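Following: one structure in structure tokens, then a few remarks.
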Amino acid sequence: MPEAPVIAPPTVRDVLAAARRLEGRVVRTPAVAHPELDGAVADAGARDARLVVKHENLQHTGAFKVRGALNLLLGLDDVERARGIVAYSTGNHAQALAYAAARTATPCTIVMPTDPNPVKERAVRRLGADVVLHGSTFDDARDRAAEAAGAGGARLVGAANEPVLVAGVATAVLELLAQAPDLDVLVVPVGGGSGAAAACLVAEALAPGLEVVAVQSAASPAAHDSWRAGELRSAANTTRAEGLAVGCGFALTQAVLRDRLADFLLVTDDAITAAQAAYLTGARTVAEGAGAAALAAVLSHPARFAGRRVGVMCSGGNASEAELRRALAG
Ligand SMILES: Cc1ncc(COP(=O)(O)O)c(C=O)c1O
């Protein structure tokens, strides 16, 4: 069994409250059928699967994470806001928090390991956050962030054990259910599991017949392994897809996924790259690796999706130039 979460997961009421709070502040991203992608998945063996892509790659900052960040920061009271937030991240979590902090006049410090991806570092700085470079690993950065938060009383914002973030990102699924009410299955990429937990909570409350299927890179399978084992596990963490590069399971998200998730699939990094290429050529869509993982799952496990109407969460579009070159070269 997963360890009991220290923190209770959000309820669907929390999700509805988040949707109200975010009204007009996030993009109502399109949910689109792409006939060329249906053709590609049919060629892969998923006959008559009909895909609907939820384009969170078109969200502010290029990823779904901003929904959670804004939900959290809009909910702070004046004292909490004045103390600010601290987070450790090199990717979309950092950009989302920096964006939300700028819009709510909240001081924001992001700790990144030294030698970060320069594109992401620049984006976070441009959004106005203070960037502290510390340590060579993610764990070093986390320790430094905890220290910084402790010293000034700032709110340390984690990536997964945060119900307010989960409630915020769940608004993407709420929107999708309104845009495509007849989905049979929804495929969601997983790093720490906030997006998949959000999908499970919304589906359970509003669309009980909808199967939620999670996908992770086989090169970073900690959430998958934790879910299959029924307890928190650590695992190798070598995926190229930054958004999926997490080395351990998290209590809150695993507790939600435990009984609600229909299945958890793994895909190779090469399959993710091939899915990025399919998005580029078949849907005129830029997806980063994590953003293409759900499509990779449909292409890699076609039998599971044949004949079904499949929601595919394209969770982010912040692909580096090198990533896009690799996809097109393949
Ligand atoms: C684009 C993208 N997709 C998926 C994920 C995984 O989300 P989660 O950590 O909530 O499972 C991330 C995480 O940063 C991401 O940036």
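Chain identifiers are assigned as A, B, and so on, following the order in which chains appear in the structure tokens; residues are numbered from 1 within each chain, and ligands are numbered from 1 in order of appearance.
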* Asked: If you run DSSP on this backbone, which residues of range 42-229 of chain A come out as alpha helix (DSSP H), and could you give them as a PyMOL selection string?
  -> chain A and resi 42-44+65-74+78-83+92-103+118-126+138-152+163-179+194-206+222-229
* Grab me every residue within 8 Å of ligand 1, counting only C-alpha atoms and all ligand atoms, and send it over as a VMD selection string. => chain A and resid 57 62 to 65 91 to 93 159 to 160 166 188 to 196 242 to 244 246 288 to 291 314 to 318
* Can you pull out every residue within 9 Å of range 100-107 of chain A, counting only C-alpha atoms, but drop anything in the same chain fewer than 4 positions away, and send it as a PyMOL selection string? => chain A and resi 66-67+69-74+80-86+95-96+127-130+154
Next, write the just-selected residues to a file, as a compact mmCIF listing (two decimals), in the first residue's frame, keeping N, CA and C atoms as the atom set.
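Just written: selection_15.txt:
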# COMPACT_ATOMS: atom_id res chain seq x y z
N VAL A 66 0.93 25.66 -15.43
CA VAL A 66 0.60 27.02 -15.00
C VAL A 66 -0.77 27.08 -14.32
N ARG A 67 -1.63 26.12 -14.63
CA ARG A 67 -2.95 26.09 -13.99
C ARG A 67 -2.80 25.87 -12.47
N ALA A 69 -0.03 26.39 -10.67
CA ALA A 69 0.74 27.49 -10.06
C ALA A 69 -0.15 28.70 -9.80
N LEU A 70 -0.99 29.05 -10.77
CA LEU A 70 -1.88 30.20 -10.59
C LEU A 70 -2.91 29.91 -9.50
N ASN A 71 -3.41 28.69 -9.46
CA ASN A 71 -4.39 28.35 -8.43
C ASN A 71 -3.77 28.52 -7.04
N LEU A 72 -2.52 28.10 -6.92
CA LEU A 72 -1.86 28.22 -5.62
C LEU A 72 -1.62 29.68 -5.25
N LEU A 73 -1.07 30.43 -6.19
CA LEU A 73 -0.67 31.80 -5.83
C LEU A 73 -1.87 32.73 -5.68
N LEU A 74 -2.92 32.50 -6.45
CA LEU A 74 -4.12 33.34 -6.28
C LEU A 74 -4.80 33.07 -4.94
N GLU A 80 1.09 35.62 3.45
CA GLU A 80 1.81 34.55 2.72
C GLU A 80 2.43 35.11 1.44
N ARG A 81 1.68 35.95 0.76
CA ARG A 81 2.18 36.50 -0.50
C ARG A 81 3.44 37.33 -0.26
N ALA A 82 3.42 38.13 0.81
CA ALA A 82 4.58 38.99 1.10
C ALA A 82 5.82 38.14 1.40
N ARG A 83 5.61 36.96 2.01
CA ARG A 83 6.77 36.10 2.32
C ARG A 83 7.34 35.44 1.07
N GLY A 84 6.47 35.26 0.07
CA GLY A 84 6.94 34.73 -1.20
C GLY A 84 6.98 33.21 -1.26
N ILE A 85 7.47 32.72 -2.38
CA ILE A 85 7.56 31.27 -2.60
C ILE A 85 8.98 30.89 -3.02
N VAL A 86 9.32 29.64 -2.73
CA VAL A 86 10.59 29.09 -3.17
C VAL A 86 10.29 27.73 -3.80
N GLN A 95 8.85 27.47 -14.53
CA GLN A 95 8.29 28.53 -15.39
C GLN A 95 6.87 28.89 -14.97
N ALA A 96 6.09 27.89 -14.60
CA ALA A 96 4.70 28.12 -14.20
C ALA A 96 4.66 28.98 -12.94
N LEU A 127 10.89 35.83 -16.68
CA LEU A 127 9.59 35.97 -16.00
C LEU A 127 9.73 36.72 -14.68
N GLY A 128 10.98 37.02 -14.29
CA GLY A 128 11.19 37.89 -13.14
C GLY A 128 11.53 37.18 -11.85
N ALA A 129 11.69 35.86 -11.88
CA ALA A 129 12.03 35.15 -10.64
C ALA A 129 13.52 35.30 -10.34
N ASP A 130 13.88 35.19 -9.05
CA ASP A 130 15.29 35.11 -8.69
C ASP A 130 15.73 33.67 -8.91
N ALA A 154 9.22 31.74 3.58
CA ALA A 154 8.54 31.62 2.29
C ALA A 154 7.89 30.24 2.16
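Considering only C-alpha atoms, the residue among A:Ala87, A:Val131, A:Ala223, A:Ala262 positioned nearest to Asp143 in chain A is A:Ala87.
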At a cut-off of 7 Å, can you tabulate as CSV every residue of range 62-178 of chain A near range 14-36 of chain A together with its closest atom pair and the distance in Å to one decimal, using only C-alpha atoms and ordering rows by chain then number?
residue,atom,partner,partner_atom,distance
A:Arg67,CA,A:Val26,CA,6.8
A:Asn71,CA,A:Ala18,CA,6.0
A:Ala167,CA,A:Val15,CA,4.7
A:Gly168,CA,A:Ala18,CA,5.5
A:Ala170,CA,A:Val15,CA,6.2
A:Thr171,CA,A:Ala19,CA,5.6
A:Leu176,CA,A:Ala31,CA,6.6
* What's the 12 Å shell around Phe250 in chain A, counting only C-alpha atoms, without same-chain residues fewer than 4 positions away, as a ChimeraX atom specification? -> /A:2-7,158-162,190-194,197,222-227,230-234,246,254-258
* To do: Skip Arg142 in chain A itself and residues of its chain fewer than 4 positions away, then list as an MDAnalysis selection string all residues within 8 Å of it, counting only C-alpha atoms.
  => chainID A and resid 87:88 111 138 146
